[in-house]
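File shown: entry00.cif (mmCIF, C-alpha atoms and all ligand atoms).
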data_entry
loop_
_atom_site.group_PDB
_atom_site.id
_atom_site.type_symbol
_atom_site.label_atom_id
_atom_site.label_comp_id
_atom_site.auth_asym_id
_atom_site.auth_seq_id
_atom_site.Cartn_x
_atom_site.Cartn_y
_atom_site.Cartn_z
ATOM 1 C CA MET C 1 17.123 17.469 4.976
ATOM 2 C CA PHE C 2 15.123 14.544 3.618
ATOM 3 C CA ASP C 3 16.508 12.338 6.401
ATOM 4 C CA ASP C 4 13.786 13.869 8.561
ATOM 5 C CA ALA C 5 10.936 12.642 6.346
ATOM 6 C CA THR C 6 8.112 10.923 8.191
ATOM 7 C CA ARG C 7 7.926 7.127 8.176
ATOM 8 C CA PRO C 8 4.755 6.278 6.240
ATOM 9 C CA ALA C 9 2.075 3.998 7.692
ATOM 10 C CA LEU C 10 2.143 0.274 6.764
ATOM 11 C CA THR C 11 5.940 0.104 7.034
ATOM 12 C CA TRP C 12 8.375 -1.536 9.436
ATOM 13 C CA ALA C 13 6.022 -4.063 11.029
ATOM 14 C CA SER C 14 7.526 -5.769 14.076
ATOM 15 C CA LEU C 15 6.852 -9.196 12.522
ATOM 16 C CA ASP C 16 10.030 -11.164 11.750
ATOM 17 C CA ARG C 17 9.553 -12.485 8.210
ATOM 18 C CA ALA C 18 11.976 -15.351 8.955
ATOM 19 C CA ALA C 19 12.481 -15.857 5.222
ATOM 20 C CA HIS C 20 15.051 -18.598 5.811
ATOM 21 C CA LEU C 21 12.244 -20.856 7.084
ATOM 22 C CA ARG C 22 10.193 -20.674 3.870
ATOM 23 C CA THR C 23 12.316 -23.321 2.174
ATOM 24 C CA ASP C 24 12.587 -25.538 5.267
ATOM 25 C CA GLU C 25 9.758 -28.098 4.939
ATOM 26 C CA ASP C 26 10.354 -29.553 8.407
ATOM 27 C CA ALA C 27 10.289 -26.124 10.012
ATOM 28 C CA LEU C 28 7.125 -25.174 8.079
ATOM 29 C CA ALA C 29 5.370 -28.364 9.276
ATOM 30 C CA ALA C 30 6.491 -27.784 12.861
ATOM 31 C CA MET C 31 5.281 -24.183 12.792
ATOM 32 C CA ARG C 32 1.864 -25.186 11.449
ATOM 33 C CA ALA C 33 1.530 -27.555 14.418
ATOM 34 C CA ASP C 34 2.802 -25.001 16.957
ATOM 35 C CA PRO C 35 -0.011 -24.283 19.487
ATOM 36 C CA ARG C 36 0.991 -20.600 19.400
ATOM 37 C CA ALA C 37 0.419 -20.392 15.629
ATOM 38 C CA ARG C 38 -2.389 -18.092 14.473
ATOM 39 C CA ALA C 39 -3.875 -17.202 11.100
ATOM 40 C CA LEU C 40 -5.576 -14.034 9.928
ATOM 41 C CA PRO C 41 -8.571 -14.970 7.731
ATOM 42 C CA PHE C 42 -9.587 -12.896 4.723
ATOM 43 C CA ARG C 43 -12.999 -13.170 3.104
ATOM 44 C CA LYS C 44 -11.826 -12.525 -0.435
ATOM 45 C CA ARG C 45 -10.005 -9.202 0.141
ATOM 46 C CA ASP C 46 -11.433 -8.322 3.535
ATOM 47 C CA PRO C 47 -9.537 -9.109 6.766
ATOM 48 C CA LEU C 48 -11.321 -10.334 9.901
ATOM 49 C CA LEU C 49 -11.244 -7.441 12.351
ATOM 50 C CA THR C 50 -12.280 -7.515 15.990
ATOM 51 C CA GLY C 51 -12.396 -5.243 19.009
ATOM 52 C CA ALA C 52 -14.856 -2.490 19.835
ATOM 53 C CA ASP C 53 -13.529 -0.186 17.124
ATOM 54 C CA ARG C 54 -12.646 -3.085 14.769
ATOM 55 C CA GLY C 55 -8.993 -2.061 14.964
ATOM 56 C CA ALA C 56 -7.587 -5.434 16.093
ATOM 57 C CA LEU C 57 -6.703 -8.333 13.802
ATOM 58 C CA GLY C 58 -8.967 -11.393 14.156
ATOM 59 C CA TRP C 59 -6.244 -14.030 14.592
ATOM 60 C CA ARG C 60 -7.655 -17.589 14.680
ATOM 61 C CA ARG C 61 -6.165 -20.847 15.865
ATOM 62 C CA MET C 62 -4.914 -23.140 13.100
ATOM 63 C CA ASP C 63 -7.546 -25.798 13.988
ATOM 64 C CA ASP C 64 -10.406 -23.302 13.641
ATOM 65 C CA PRO C 65 -13.084 -24.964 11.452
ATOM 66 C CA MET C 66 -13.343 -21.738 9.430
ATOM 67 C CA ILE C 67 -9.813 -22.093 8.103
ATOM 68 C CA ALA C 68 -9.547 -25.886 8.037
ATOM 69 C CA GLY C 69 -8.716 -27.022 4.520
ATOM 70 C CA ALA C 70 -7.450 -23.595 3.410
ATOM 71 C CA GLU C 71 -3.817 -23.037 2.481
ATOM 72 C CA PRO C 72 -2.147 -20.724 4.984
ATOM 73 C CA VAL C 73 0.552 -18.296 3.844
ATOM 74 C CA PHE C 74 3.435 -17.974 6.309
ATOM 75 C CA LEU C 75 3.817 -14.296 7.239
ATOM 76 C CA GLY C 76 6.545 -14.644 9.849
ATOM 77 C CA LEU C 77 7.105 -14.812 13.589
ATOM 78 C CA ALA C 78 5.623 -12.553 16.257
ATOM 79 C CA ASP C 79 7.798 -12.986 19.345
ATOM 80 C CA GLY C 80 8.595 -16.469 18.053
ATOM 81 C CA ALA C 81 4.951 -17.413 17.389
ATOM 82 C CA PRO C 82 4.098 -18.300 13.749
ATOM 83 C CA ARG C 83 1.651 -15.999 11.967
ATOM 84 C CA TYR C 84 -0.270 -16.844 8.778
ATOM 85 C CA ALA C 85 -2.779 -15.356 6.400
ATOM 86 C CA VAL C 86 -5.602 -17.420 4.925
ATOM 87 C CA GLY C 87 -7.652 -16.449 1.896
ATOM 88 C CA LEU C 88 -11.242 -17.707 2.114
ATOM 89 C CA GLY C 89 -14.385 -17.473 0.016
ATOM 90 C CA ASP C 90 -17.762 -16.546 1.465
ATOM 91 C CA VAL C 91 -17.717 -17.405 5.163
ATOM 92 C CA GLU C 92 -19.480 -16.024 8.201
ATOM 93 C CA PRO C 93 -17.211 -14.659 10.933
ATOM 94 C CA PRO C 94 -17.538 -16.411 14.312
ATOM 95 C CA GLU C 95 -16.871 -13.050 15.936
ATOM 96 C CA GLY C 96 -15.798 -9.691 14.588
ATOM 97 C CA GLU C 97 -16.391 -8.599 11.011
ATOM 98 C CA PHE C 98 -14.783 -8.949 7.624
ATOM 99 C CA LEU C 99 -14.184 -5.333 6.687
ATOM 100 C CA GLU C 100 -12.846 -3.611 3.613
ATOM 101 C CA MET C 101 -9.188 -2.976 4.346
ATOM 102 C CA ARG C 102 -8.844 0.386 2.643
ATOM 103 C CA ALA C 103 -11.797 1.867 4.523
ATOM 104 C CA ALA C 104 -10.531 0.441 7.822
ATOM 105 C CA LEU C 105 -7.064 1.800 7.142
ATOM 106 C CA LEU C 106 -8.111 5.278 6.083
ATOM 107 C CA GLY C 107 -10.576 5.378 8.974
ATOM 108 C CA GLY C 108 -7.593 5.117 11.317
ATOM 109 C CA ALA C 109 -8.975 2.295 13.451
ATOM 110 C CA PHE C 110 -5.830 0.155 13.540
ATOM 111 C CA ALA C 111 -3.578 0.191 16.593
ATOM 112 C CA GLY C 112 0.192 -0.414 16.625
ATOM 113 C CA ASP C 113 1.473 -2.206 13.559
ATOM 114 C CA ALA C 114 -1.772 -4.121 12.905
ATOM 115 C CA ALA C 115 -2.280 -2.201 9.653
ATOM 116 C CA ALA C 116 1.229 -3.032 8.437
ATOM 117 C CA VAL C 117 0.783 -6.754 9.155
ATOM 118 C CA ALA C 118 -2.685 -6.805 7.579
ATOM 119 C CA SER C 119 -1.453 -4.999 4.478
ATOM 120 C CA MET C 120 1.420 -7.452 4.012
ATOM 121 C CA ALA C 121 -1.059 -10.318 4.426
ATOM 122 C CA LEU C 122 -3.534 -8.737 2.016
ATOM 123 C CA ALA C 123 -0.910 -8.259 -0.703
ATOM 124 C CA LEU C 124 -0.069 -11.969 -0.509
ATOM 125 C CA VAL C 125 -3.710 -13.099 -0.323
ATOM 126 C CA ASN C 126 -4.505 -10.889 -3.328
ATOM 127 C CA TRP C 127 -1.652 -12.394 -5.308
ATOM 128 C CA HIS C 128 -2.653 -16.007 -4.620
ATOM 129 C CA ARG C 129 -6.318 -15.233 -5.321
ATOM 130 C CA THR C 130 -5.588 -13.670 -8.713
ATOM 131 C CA HIS C 131 -2.755 -15.950 -9.878
ATOM 132 C CA PRO C 132 -4.085 -19.518 -9.670
ATOM 133 C CA ARG C 133 -2.661 -20.395 -13.105
ATOM 134 C CA CYS C 134 0.721 -20.410 -14.752
ATOM 135 C CA THR C 135 1.235 -17.297 -16.851
ATOM 136 C CA ARG C 136 3.468 -19.279 -19.207
ATOM 137 C CA CYS C 137 1.396 -22.411 -19.980
ATOM 138 C CA GLY C 138 -1.971 -21.901 -18.269
ATOM 139 C CA ALA C 139 -1.805 -24.957 -15.984
ATOM 140 C CA SER C 140 -2.923 -24.698 -12.357
ATOM 141 C CA THR C 141 -0.032 -23.750 -10.083
ATOM 142 C CA ARG C 142 0.548 -24.815 -6.488
ATOM 143 C CA MET C 143 1.659 -22.807 -3.490
ATOM 144 C CA THR C 144 5.203 -23.536 -2.282
ATOM 145 C CA GLN C 145 7.762 -21.998 0.093
ATOM 146 C CA GLY C 146 5.147 -21.235 2.701
ATOM 147 C CA GLY C 147 3.176 -19.174 0.197
ATOM 148 C CA TRP C 148 6.029 -17.066 -1.174
ATOM 149 C CA ARG C 149 6.142 -18.875 -4.498
ATOM 150 C CA ARG C 150 3.784 -20.684 -6.877
ATOM 151 C CA ASP C 151 5.177 -23.521 -8.958
ATOM 152 C CA CYS C 152 3.827 -24.891 -12.214
ATOM 153 C CA PRO C 153 3.812 -28.709 -12.248
ATOM 154 C CA SER C 154 3.373 -28.740 -16.018
ATOM 155 C CA CYS C 155 6.138 -26.493 -17.400
ATOM 156 C CA GLU C 156 8.139 -26.096 -14.143
ATOM 157 C CA ALA C 157 7.940 -22.304 -14.212
ATOM 158 C CA VAL C 158 8.186 -20.646 -10.801
ATOM 159 C CA HIS C 159 6.222 -17.519 -9.966
ATOM 160 C CA PHE C 160 6.912 -14.985 -7.219
ATOM 161 C CA PRO C 161 4.508 -12.514 -5.568
ATOM 162 C CA ARG C 162 4.485 -9.359 -7.631
ATOM 163 C CA THR C 163 4.749 -5.789 -6.449
ATOM 164 C CA ASP C 164 3.918 -2.974 -8.868
ATOM 165 C CA PRO C 165 5.926 0.251 -8.468
ATOM 166 C CA VAL C 166 3.932 3.489 -8.485
ATOM 167 C CA VAL C 167 5.444 6.983 -8.294
ATOM 168 C CA ILE C 168 3.594 9.532 -6.160
ATOM 169 C CA MET C 169 4.951 13.049 -6.001
ATOM 170 C CA MET C 170 4.756 16.423 -4.380
ATOM 171 C CA ILE C 171 5.152 19.037 -7.084
ATOM 172 C CA GLU C 172 6.776 22.189 -5.743
ATOM 173 C CA ARG C 173 7.036 25.661 -7.267
ATOM 174 C CA ASP C 174 8.357 28.683 -5.419
ATOM 175 C CA GLY C 175 6.961 27.899 -1.977
ATOM 176 C CA HIS C 176 3.781 26.305 -3.290
ATOM 177 C CA CYS C 177 2.764 22.700 -3.920
ATOM 178 C CA ALA C 178 0.336 21.276 -6.454
ATOM 179 C CA LEU C 179 -2.595 19.206 -5.205
ATOM 180 C CA ALA C 180 -5.015 17.589 -7.614
ATOM 181 C CA ARG C 181 -8.431 15.997 -7.487
ATOM 182 C CA ASN C 182 -8.611 12.763 -9.448
ATOM 183 C CA VAL C 183 -11.927 12.195 -11.210
ATOM 184 C CA ASN C 184 -12.348 9.020 -9.127
ATOM 185 C CA PHE C 185 -11.718 10.724 -5.773
ATOM 186 C CA PRO C 186 -14.465 11.668 -3.335
ATOM 187 C CA GLU C 187 -15.914 15.113 -4.090
ATOM 188 C CA THR C 188 -13.498 17.264 -2.068
ATOM 189 C CA LEU C 189 -10.344 15.141 -1.745
ATOM 190 C CA TYR C 190 -7.153 16.697 -3.134
ATOM 191 C CA SER C 191 -3.906 14.750 -3.155
ATOM 192 C CA CYS C 192 -0.566 14.195 -4.851
ATOM 193 C CA ILE C 193 -0.592 12.910 -8.402
ATOM 194 C CA ALA C 194 0.576 9.328 -8.964
ATOM 195 C CA GLY C 195 1.054 6.757 -11.674
ATOM 196 C CA PHE C 196 2.521 3.354 -12.430
ATOM 197 C CA VAL C 197 6.169 3.117 -13.401
ATOM 198 C CA GLU C 198 6.214 1.773 -16.958
ATOM 199 C CA PRO C 199 8.576 -0.895 -18.321
ATOM 200 C CA GLY C 200 11.924 0.619 -19.222
ATOM 201 C CA GLU C 201 11.498 3.681 -16.980
ATOM 202 C CA CYS C 202 13.476 4.751 -13.943
ATOM 203 C CA VAL C 203 11.642 6.411 -11.062
ATOM 204 C CA GLU C 204 12.670 9.920 -12.155
ATOM 205 C CA GLU C 205 11.457 9.350 -15.712
ATOM 206 C CA ALA C 206 8.099 8.143 -14.409
ATOM 207 C CA VAL C 207 7.791 11.234 -12.153
ATOM 208 C CA ALA C 208 8.572 13.555 -15.077
ATOM 209 C CA ARG C 209 6.227 11.758 -17.499
ATOM 210 C CA GLU C 210 3.268 11.532 -15.115
ATOM 211 C CA THR C 211 3.645 15.186 -14.091
ATOM 212 C CA ARG C 212 3.702 16.217 -17.748
ATOM 213 C CA GLU C 213 0.722 13.977 -18.625
ATOM 214 C CA GLU C 214 -1.537 14.759 -15.681
ATOM 215 C CA LEU C 215 -0.764 18.412 -14.933
ATOM 216 C CA GLY C 216 1.087 19.629 -18.039
ATOM 217 C CA LEU C 217 4.116 20.714 -15.973
ATOM 218 C CA GLY C 218 7.778 20.162 -16.782
ATOM 219 C CA VAL C 219 9.978 19.220 -13.823
ATOM 220 C CA GLY C 220 13.613 19.903 -12.944
ATOM 221 C CA ARG C 221 15.024 18.516 -9.722
ATOM 222 C CA ILE C 222 13.497 15.231 -8.541
ATOM 223 C CA ALA C 223 14.252 13.515 -5.232
ATOM 224 C CA TYR C 224 13.082 10.338 -3.542
ATOM 225 C CA VAL C 225 11.534 10.880 -0.094
ATOM 226 C CA SER C 226 9.993 7.666 1.309
ATOM 227 C CA SER C 227 7.940 4.664 0.232
ATOM 228 C CA GLN C 228 4.869 2.722 1.290
ATOM 229 C CA PRO C 229 3.522 -0.708 0.355
ATOM 230 C CA TRP C 230 -0.109 -0.243 -0.712
ATOM 231 C CA PRO C 231 -1.963 -3.571 -1.025
ATOM 232 C CA PHE C 232 -4.743 -2.449 -3.382
ATOM 233 C CA PRO C 233 -3.972 -4.837 -4.925
ATOM 234 C CA GLY C 234 -0.144 -4.940 -4.703
ATOM 235 C CA SER C 235 1.599 -1.611 -5.223
ATOM 236 C CA LEU C 236 4.733 -0.035 -3.821
ATOM 237 C CA MET C 237 4.249 3.723 -3.637
ATOM 238 C CA LEU C 238 7.526 5.551 -4.272
ATOM 239 C CA GLY C 239 7.127 8.975 -2.659
ATOM 240 C CA CYS C 240 9.065 11.728 -4.431
ATOM 241 C CA ILE C 241 9.276 15.476 -4.659
ATOM 242 C CA ALA C 242 9.788 17.318 -7.935
ATOM 243 C CA GLU C 243 10.442 20.964 -8.687
ATOM 244 C CA THR C 244 8.844 22.912 -11.519
ATOM 245 C CA THR C 245 9.032 26.465 -12.789
ATOM 246 C CA ASP C 246 5.768 26.139 -14.740
ATOM 247 C CA SER C 247 2.660 27.555 -13.106
ATOM 248 C CA ALA C 248 -0.177 27.003 -15.583
ATOM 249 C CA PHE C 249 -1.831 23.602 -15.369
ATOM 250 C CA THR C 250 -2.905 21.695 -18.465
ATOM 251 C CA LEU C 251 -5.008 18.935 -16.910
ATOM 252 C CA GLU C 252 -5.414 15.454 -18.307
ATOM 253 C CA GLU C 253 -9.193 15.639 -18.367
ATOM 254 C CA ALA C 254 -9.829 11.898 -18.302
ATOM 255 C CA GLU C 255 -7.983 11.671 -14.984
ATOM 256 C CA ILE C 256 -7.710 15.024 -13.227
ATOM 257 C CA ALA C 257 -10.788 17.073 -12.389
ATOM 258 C CA ASP C 258 -8.962 20.033 -10.794
ATOM 259 C CA ALA C 259 -5.529 21.124 -9.552
ATOM 260 C CA ARG C 260 -4.466 23.994 -7.306
ATOM 261 C CA TRP C 261 -1.298 25.620 -5.981
ATOM 262 C CA LEU C 262 -1.176 25.851 -2.190
ATOM 263 C CA SER C 263 1.283 27.658 0.067
ATOM 264 C CA ARG C 264 2.436 26.084 3.337
ATOM 265 C CA ALA C 265 -0.069 28.275 5.179
ATOM 266 C CA ASP C 266 -2.793 27.016 2.821
ATOM 267 C CA VAL C 267 -1.794 23.402 3.537
ATOM 268 C CA LYS C 268 -1.904 24.020 7.279
ATOM 269 C CA ARG C 269 -5.385 25.458 6.879
ATOM 270 C CA LEU C 270 -6.330 22.411 4.786
ATOM 271 C CA PHE C 271 -5.192 19.965 7.503
ATOM 272 C CA ASP C 272 -7.055 22.079 10.076
ATOM 273 C CA GLY C 273 -10.273 21.583 8.110
ATOM 274 C CA GLY C 274 -10.521 25.238 7.222
ATOM 275 C CA TRP C 275 -11.448 24.697 3.595
ATOM 276 C CA ASP C 276 -15.048 24.059 2.542
ATOM 277 C CA ASP C 277 -14.378 22.529 -0.867
ATOM 278 C CA MET C 278 -11.042 20.795 -0.174
ATOM 279 C CA ALA C 279 -10.044 17.868 2.061
ATOM 280 C CA PRO C 280 -6.416 16.697 2.498
ATOM 281 C CA PRO C 281 -5.133 13.162 1.878
ATOM 282 C CA ARG C 282 -5.345 10.877 4.930
ATOM 283 C CA ARG C 283 -2.211 10.438 7.001
ATOM 284 C CA ALA C 284 -2.467 6.634 6.582
ATOM 285 C CA ALA C 285 -1.621 7.160 2.904
ATOM 286 C CA ILE C 286 1.843 8.287 1.851
ATOM 287 C CA ALA C 287 0.328 11.354 0.158
ATOM 288 C CA GLY C 288 -0.638 12.540 3.642
ATOM 289 C CA THR C 289 2.876 12.121 5.045
ATOM 290 C CA LEU C 290 4.470 13.739 1.979
ATOM 291 C CA LEU C 291 2.184 16.732 2.297
ATOM 292 C CA GLU C 292 2.793 17.006 6.030
ATOM 293 C CA ASP C 293 6.565 16.706 5.496
ATOM 294 C CA TRP C 294 6.421 19.501 2.948
ATOM 295 C CA MET C 295 4.269 21.683 5.205
ATOM 296 C CA HIS C 296 6.832 21.318 8.000
ATOM 297 C CA GLU C 297 9.709 22.011 5.571
ATOM 298 C CA ARG C 298 11.192 18.539 6.136
ATOM 299 C CA ILE C 299 11.300 18.153 2.359
ATOM 300 C CA GLY C 300 11.508 20.595 -0.528
ATOM 301 C CA TRP C 301 13.827 23.228 -1.939
ATOM 302 C CA THR C 302 11.801 26.424 -1.786
HETATM 303 ZN ZN ZN Y 1 3.384 -23.623 -16.625
#
Output the file's structure as structure tokens, nothing else.
Amino acid sequence: MFDDATRPALTWASLDRAAHLRTDEDALAAMRADPRARALPFRKRDPLLTGADRGALGWRRMDDPMIAGAEPVFLGLADGAPRYAVGLGDVEPPEGEFLEMRAALLGGAFAGDAAAVASMALALVNWHRTHPRCTRCGASTRMTQGGWRRDCPSCEAVHFPRTDPVVIMMIERDGHCALARNVNFPETLYSCIAGFVEPGECVEEAVARETREELGLGVGRIAYVSSQPWPFPGSLMLGCIAETTDSAFTLEEAEIADARWLSRADVKRLFDGGWDDMAPPRRAAIAGTLLEDWMHERIGWT
């Protein structure tokens, strides 16, 4: 039944990554000079967004003075036209605005697969911005392979963009699901619990450990549902569902402010805005699609 799970936002962008071109220096040079080439500038972490509702990506020509001198990262081909991301410092936008990506995403302004392309670009820009030095010897590294690798000229180590796996799970018990409010969430937001996969753990072990730590529940069956890249700063959210027979929460106080069991009717009421002190996760986040899938009985056992 999990084949029917919803495709999360930020996935399956139409961009062709054309990975075979990353190691082709001649092709990379030709693409940079292609008049159809465009780059998406980021001011630190914030993409340039345009359009009335700021839902369109602010692609710039490669000879734009704003991005001259910056190192573009090759994202791929859009209908054959090269697309890049460029990480910048403090610059003023010629038009549009540099906006915080997470707010823009959760606000639902993006059209088509703009959010997916911007999130891929942001993950790469974040990685280059925070990894200027070799983690083995400390020397400055240089961007290679169109931005998909950084090489150390001193010790010859090669470094690849990192993605950090995070488990995020629906906890189900007898026709109810557990939603929790993290201490860092806005006042009324309730969502699925989540946590980083630790070294030496498989996904199922991480689901069981985090559920035990955060909610004090033991879990039985665990199943993978869907995943979502989440570029804040470079996570891969692994959406799962886990079954428990425990009902009493023991909350990890440093992290979880409150947790509640909701029936499918309760969840429907939550999405309909019928709850004064509870708001559901946004649909742009995988927690929103997991919860919606569960509400519609696309996932779950009870
Ligand atoms: Zn090195």
Quick check on the file I pasted: which residues fall under the PyMOL selection byres (((not hetatm)) within 6 of (chain Y and resi 1))? Write them as a PDB file with C-alpha atoms, in the frame of the given file.
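The file below, expr18.pdb, is the result:
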ATOM      1  CA  CYS C 134       0.721 -20.410 -14.752  1.00  0.00           C
ATOM      2  CA  ARG C 136       3.468 -19.279 -19.207  1.00  0.00           C
ATOM      3  CA  CYS C 137       1.396 -22.411 -19.980  1.00  0.00           C
ATOM      4  CA  GLY C 138      -1.971 -21.901 -18.269  1.00  0.00           C
ATOM      5  CA  ALA C 139      -1.805 -24.957 -15.984  1.00  0.00           C
ATOM      6  CA  CYS C 152       3.827 -24.891 -12.214  1.00  0.00           C
ATOM      7  CA  SER C 154       3.373 -28.740 -16.018  1.00  0.00           C
ATOM      8  CA  CYS C 155       6.138 -26.493 -17.400  1.00  0.00           C
ATOM      9  CA  GLU C 156       8.139 -26.096 -14.143  1.00  0.00           C
ATOM     10  CA  ALA C 157       7.940 -22.304 -14.212  1.00  0.00           C
TER      11      ALA C 157
END
Can you turn the PyMOL selection byres (((chain C and resi 118) around 12) and not hetatm) into a concrete residue list for this file, as a short mmCIF file (atom, residue, chain, number, x, y, z; two decimals) with C-alpha atoms, in the coordinates of the input?
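Output (part10.cif):
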data_model
loop_
_atom_site.label_atom_id
_atom_site.label_comp_id
_atom_site.auth_asym_id
_atom_site.auth_seq_id
_atom_site.Cartn_x
_atom_site.Cartn_y
_atom_site.Cartn_z
CA ALA C 9 2.08 4.00 7.69
CA LEU C 10 2.14 0.27 6.76
CA THR C 11 5.94 0.10 7.03
CA ALA C 13 6.02 -4.06 11.03
CA LEU C 15 6.85 -9.20 12.52
CA ALA C 39 -3.88 -17.20 11.10
CA LEU C 40 -5.58 -14.03 9.93
CA PRO C 41 -8.57 -14.97 7.73
CA PHE C 42 -9.59 -12.90 4.72
CA ARG C 45 -10.01 -9.20 0.14
CA ASP C 46 -11.43 -8.32 3.54
CA PRO C 47 -9.54 -9.11 6.77
CA LEU C 48 -11.32 -10.33 9.90
CA LEU C 49 -11.24 -7.44 12.35
CA GLY C 55 -8.99 -2.06 14.96
CA ALA C 56 -7.59 -5.43 16.09
CA LEU C 57 -6.70 -8.33 13.80
CA GLY C 58 -8.97 -11.39 14.16
CA TRP C 59 -6.24 -14.03 14.59
CA LEU C 75 3.82 -14.30 7.24
CA ARG C 83 1.65 -16.00 11.97
CA TYR C 84 -0.27 -16.84 8.78
CA ALA C 85 -2.78 -15.36 6.40
CA VAL C 86 -5.60 -17.42 4.92
CA LEU C 99 -14.18 -5.33 6.69
CA GLU C 100 -12.85 -3.61 3.61
CA MET C 101 -9.19 -2.98 4.35
CA ARG C 102 -8.84 0.39 2.64
CA ALA C 104 -10.53 0.44 7.82
CA LEU C 105 -7.06 1.80 7.14
CA PHE C 110 -5.83 0.16 13.54
CA ALA C 111 -3.58 0.19 16.59
CA GLY C 112 0.19 -0.41 16.62
CA ASP C 113 1.47 -2.21 13.56
CA ALA C 114 -1.77 -4.12 12.90
CA ALA C 115 -2.28 -2.20 9.65
CA ALA C 116 1.23 -3.03 8.44
CA VAL C 117 0.78 -6.75 9.15
CA SER C 119 -1.45 -5.00 4.48
CA MET C 120 1.42 -7.45 4.01
CA ALA C 121 -1.06 -10.32 4.43
CA LEU C 122 -3.53 -8.74 2.02
CA ALA C 123 -0.91 -8.26 -0.70
CA LEU C 124 -0.07 -11.97 -0.51
CA VAL C 125 -3.71 -13.10 -0.32
CA ASN C 126 -4.50 -10.89 -3.33
CA PRO C 229 3.52 -0.71 0.36
CA TRP C 230 -0.11 -0.24 -0.71
CA PRO C 231 -1.96 -3.57 -1.02
CA PHE C 232 -4.74 -2.45 -3.38
#
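Nearest residue to Asp164 (chain C) among C:Val183, C:Leu270, C:Ala33, C:Leu236 is C:Leu236, counting all atoms listed in the file.
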Atomic separation - CA of Pro280 (chain C) relative to CA of Leu106 (chain C), Å: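 If I compute the distance from CA of Leu106 (chain C) to CA of Pro280 (chain C), I get 12.1 Å.
Of the residues under consideration (C:Glu243, C:Glu92, C:Glu252, C:Asp266), C:Glu243 shows the shortest atom-to-atom contact distance to Trp301 (chain C) when counting all atoms listed in the file.
Atom pair CA of Leu189 (chain C) / CA of Met169 (chain C) has a distance of 16.0 Å (rounded to one decimal).
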Reference answer for the PyMOL selection byres (((chain C and resi 219) around 9) and not hetatm), as JSON, numbers by chain: {"C": [171, 207, 208, 211, 212, 217, 218, 220, 221, 222, 242, 243, 244, 245, 246]}
Atom-to-atom span, CA of Gly69 (chain C) and CA of Thr23 (chain C), Å: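 We find that CA of Gly69 (chain C) and CA of Thr23 (chain C) lie 21.5 Å from each other.
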Minimum-distance residue to Glu210 (chain C), chosen among C:Asp174, C:Glu187, C:Glu255, C:Asp3 (using only C-alpha atoms):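 So, comparing all the options, the nearest one is C:Glu255.
Of the residues under consideration (C:Gly239, C:Gly108, C:Pro165, C:Gly300), C:Gly239 shows the shortest atom-to-atom contact distance to Ser226 (chain C) when counting only C-alpha atoms.
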Distance criterion (all atoms listed in the file): nearest to Phe271 (chain C) out of C:Leu238, C:Ser191, C:Ile256, C:Ala5: C:Ser191
Nearby residues, (6.9, -18.9, -3.9) file frame, 12 Å, only C-alpha atoms, as a PyMOL selection string: chain C and resi 19+22-23+73-74+124+127-128+131+141-152+157-162
